[in-house]
Structures are given as structure tokens and as C-alpha cells.
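Data first, discussion second: the structure below is written as C-alpha cells.
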Amino acid sequence: TIDEDKRCFKEANIKPTGPLNASTVTISPWNHFGVSHNISDENKTSITVPAPKVLCLIYTVKNSHSTSIRAIRDTWGGGCDGFLAFSSSPDPRLPAIALQHEGPESYDNMWQKVRSIWKYVGAHYLDEFDWFFIGGDDMFVLPNNLRTYLASLAYKDGNADPRLKEYYVGRRFHSKEMEQKLKKKQKFPKNAKLYFNTGGSGYTLSHATLRKFLTVVDDVEHCSSNEKTSAEDVMMAKCLHHLGIRVTDSRDRQGRERFHMFMPGRLHNWNIAQKNWYYRFNPWGLKNKADCCAPDTVSFHYAKQPAMVRHLHALLYHCSSSDSTYAGTAH
């Protein structure tokens, strides 16, 4: 059978932008959607800058410690500048931290769990990192691609300091259904549009955004701090909207996404004419085949099997057939 993920990596030219633990990143500040499309080739210069410090945060449960979390720790997790799992049970070997939060430990109460994670990180790690990336235990992430993209984004904005400038970065969605629901409950401004970064592919807050969010994390009216819901990503967007912080369009100059809701093979073969929820959540349009994913892609969702996490990691970092510059340099 054809390895659809491998085919996607090859046709979309998806590669690591550098070794997992690189101290510098080589960025292309012009490679962002909306940056002048008339830019000349001589201005398409790459610049090497210090790699920003990123803390990766994973929410999980005890049953996944020896499966999903172990696979992440054995592969991409070590490429983050810091890594923490937040679980229903502590495990210092991972490390996994168990936090108290309002309501039960369940998917339908994810917002309360995520709120408790941000509070903990704010109290213990805020000053140590430039950026904070959060998602579930079924992601596959290319950490150096994440650092490279974030550094490029800040450089594009006048070499902005993420400790001073607010960013909210991930895979944008727009849901009219959720928007109308919140407006009906008078929990979102009538004339505003609800754009949010899906939690599936993970999203990133700059240091400045997290610091600002922590000032309103317990705000019932604007941040739904008492809400029991699985839609933590929507609640976060709603809260940040109140603070004046909007989602970043994270596509590359050709409109290819960097953060992904699905696995590479599925995205490569996606029927873009199918008018389902995914189509509706992407009013700016979908791409497939070689344009399904940016070459400097950051993350994929639904990597549910530990063997698949290891397989993707091997394709990108260890297999010469992947044509990766960094094959064999993952350690």
C-alpha cells in the first residue's frame, strides 16, 4: 500500500527547517500571506537569528502516559525548549503534572483544565520563555519549524519582541454557528466575527499575550471563567478578543497552511469541493495535493497511535528517502 503521509511530505516538500535543538533559526520574513506579492527575488533573502525559547504544553490523561506521551518524549518533545504534560495523575518521569481545576476531569470540561494550565504556567514559567505552545496528546509537531515561523513572524513585524507584543498563533477557523450561539447568549459583541485557533493543531501565545490573558483569566463575563465546555479554543479566542488580541493568519505567502487539523495523507487527498464543517470553517478556501501544506509546516492533528508519531518522525529526520537535509540529525 502507498504511504500517503510519506507521499504528502514529498509532494508538498515538507521538511524540518533545522535540527531539533538548533540555537539559531534561518527565517524568511517575506514568506507570510499578505506580504507584498510583488516582492523581487533579490529581496527574498533568508536571515539567521537566535532561536526564540518555546515551552510546549500537552494536556493528557494517565492512560496515555506510557503510550502517546512516551512517543512524544521519544520524538519531537525534546525539540522544545521546555516540555510539560498536564494530566489526571502526576508522573515525574515525563514530567506530568496533575492540577486541580473546577469540575470533573473530562473532555467536556476542557476549558477548566486549560485555564488551570495557563495559571500554573503563568505562576512558574512565564519569565523563562518567549512563546507558549499548547495542544493535546494527539499532535505531531516540528518544533524547529515552530521556532522558525515564530521568529520570522516577529522579524516581519519590525523585529518585534514577543515579551512586549501580543500574538495568538495557530490554525484559524471561523464558525458562524458558534459565533451566533455566543451572540444569542449575549456573550460576544454583536458586530464582531469569531475567529479562533483550533486546539487540535495546537496554538501559541506570545509571552505578552499570556501575561495579559492572566489578568482576566477569572473574568466570568468576558472570559467565561465558569463555563464547563470542551470548546476551550473558542473560549480562549473570545477572551482574547475582549483584550483586543486577534488571531494571526499563519499561512505562507502562497496561502498554504502551517498548522493542520488533520494528518498529512488526509490533507493531501482532501476533497476541497466537499461542503462539510471543515469547508464552512475555512471561508478563505482550502487547498490539497502539493499545496495542502506549507513546506515549513508546524503541526498535524490526529496522530493518535504512538507508532504513527514515531513513523512521521522517522520519515522527517532519519530516512534518507525523505530527502531531508536534517535526516539523521534529530538527536
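The way I read the labels, and the way they are meant: chains A, B, ... in the order of the C-alpha cells, residue 1 as the first residue of every chain, and ligand 1 as the first ligand shown, with later ones counted on from there.
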Non-local contacts of segment 277-288 of chain A (8 Å; only C-alpha atoms; under 4 positions in same chain excluded) as a list in words: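 The residues that qualify are Arg172, Phe173, His174, Ser175, Arg256, Leu267, His268, Asn269, Trp270, Asn271, Ile272, Cys292 and Cys293 of chain A.
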Segment 112-120 of chain A surroundings by only C-alpha atoms, 8 Å radius, close-in-sequence under 5 positions cut, as a ChimeraX atom specification: /A:59,86,99-103,105,210,214,217,225-229,232
Given the choices A:Arg73, A:His242, A:Arg310, A:His32, which gets closest to Glu257 of chain A if the distance is worked out from only C-alpha atoms?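 Using only C-alpha atoms, Glu257 of chain A sits closest to A:His32.
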Could you give me, as an mmCIF file with C-alpha atoms, in the first residue's frame, each residue of segment 30-261 of chain A that DSSP assigns to alpha helix (DSSP H) when run on this structure's backbone?
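And here's out_2.cif as it stands now:
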data_model
loop_
_atom_site.group_PDB
_atom_site.id
_atom_site.type_symbol
_atom_site.label_atom_id
_atom_site.label_comp_id
_atom_site.auth_asym_id
_atom_site.auth_seq_id
_atom_site.Cartn_x
_atom_site.Cartn_y
_atom_site.Cartn_z
ATOM 1 C CA ARG A 70 6.118 8.475 25.795
ATOM 2 C CA ALA A 71 6.087 8.571 21.975
ATOM 3 C CA ILE A 72 6.137 12.386 22.028
ATOM 4 C CA ARG A 73 9.002 12.410 24.524
ATOM 5 C CA ASP A 74 10.927 9.925 22.371
ATOM 6 C CA MET A 110 -11.504 21.014 28.811
ATOM 7 C CA TRP A 111 -11.805 24.782 29.255
ATOM 8 C CA GLN A 112 -11.411 24.490 33.023
ATOM 9 C CA LYS A 113 -8.390 22.214 32.609
ATOM 10 C CA VAL A 114 -6.741 24.599 30.150
ATOM 11 C CA ARG A 115 -7.447 27.590 32.393
ATOM 12 C CA SER A 116 -5.667 25.789 35.247
ATOM 13 C CA ILE A 117 -2.711 25.011 32.953
ATOM 14 C CA TRP A 118 -2.275 28.645 31.968
ATOM 15 C CA LYS A 119 -2.487 29.756 35.590
ATOM 16 C CA TYR A 120 0.194 27.243 36.596
ATOM 17 C CA VAL A 121 2.487 28.180 33.710
ATOM 18 C CA GLY A 122 1.997 31.870 34.463
ATOM 19 C CA ALA A 123 2.955 31.345 38.097
ATOM 20 C CA HIS A 124 6.022 29.161 37.469
ATOM 21 C CA PRO A 143 9.480 22.174 16.970
ATOM 22 C CA ASN A 144 12.196 23.882 14.965
ATOM 23 C CA ASN A 145 9.653 24.795 12.290
ATOM 24 C CA LEU A 146 7.554 26.340 15.054
ATOM 25 C CA ARG A 147 10.506 28.366 16.359
ATOM 26 C CA THR A 148 11.482 29.377 12.828
ATOM 27 C CA TYR A 149 7.973 30.557 11.981
ATOM 28 C CA LEU A 150 7.569 32.499 15.237
ATOM 29 C CA ALA A 151 10.946 34.187 14.777
ATOM 30 C CA SER A 152 10.035 35.066 11.188
ATOM 31 C CA LEU A 153 6.666 36.457 12.250
ATOM 32 C CA ALA A 154 8.248 38.724 14.862
ATOM 33 C CA TYR A 155 11.003 39.845 12.465
ATOM 34 C CA LYS A 156 8.406 40.698 9.792
ATOM 35 C CA LYS A 176 -20.754 31.216 12.181
ATOM 36 C CA GLU A 177 -22.619 28.617 14.244
ATOM 37 C CA MET A 178 -20.525 29.168 17.380
ATOM 38 C CA GLU A 179 -20.497 32.900 16.764
ATOM 39 C CA GLN A 180 -24.311 33.058 16.649
ATOM 40 C CA LYS A 181 -24.609 30.848 19.731
ATOM 41 C CA LEU A 182 -22.417 33.168 21.776
ATOM 42 C CA LYS A 183 -24.184 36.277 20.478
ATOM 43 C CA LYS A 184 -27.556 34.760 21.346
ATOM 44 C CA HIS A 207 4.786 35.986 26.396
ATOM 45 C CA ALA A 208 2.942 39.320 26.227
ATOM 46 C CA THR A 209 -0.368 37.644 25.350
ATOM 47 C CA LEU A 210 -0.129 35.140 28.184
ATOM 48 C CA ARG A 211 0.727 37.890 30.656
ATOM 49 C CA LYS A 212 -2.298 39.909 29.518
ATOM 50 C CA PHE A 213 -4.608 36.873 29.497
ATOM 51 C CA VAL A 220 -16.847 35.494 34.165
ATOM 52 C CA GLU A 221 -18.459 37.979 31.779
ATOM 53 C CA HIS A 222 -15.782 38.302 29.103
ATOM 54 C CA CYS A 223 -13.788 35.079 29.533
ATOM 55 C CA GLU A 232 -11.505 25.649 25.168
ATOM 56 C CA ASP A 233 -10.155 27.070 21.912
ATOM 57 C CA VAL A 234 -13.323 29.090 21.311
ATOM 58 C CA MET A 235 -13.349 30.329 24.912
ATOM 59 C CA MET A 236 -9.723 31.432 24.593
ATOM 60 C CA ALA A 237 -10.475 33.341 21.375
ATOM 61 C CA LYS A 238 -13.484 35.006 22.978
ATOM 62 C CA CYS A 239 -11.402 36.114 25.954
ATOM 63 C CA LEU A 240 -8.512 37.372 23.833
ATOM 64 C CA HIS A 241 -10.968 39.229 21.583
ATOM 65 C CA HIS A 242 -12.103 41.139 24.673
#
Spatial neighbours of Pro162 of chain A, 6 Å, only C-alpha atoms, chain gap at least 2 places, as number ranges by chain: A: 130, 164-165, 206-207
When distances are computed from only C-alpha atoms, which of A:Pro29, A:Lys10, A:Gly82, A:Val298 shows the smallest separation from Gly158 of chain A? A:Pro29
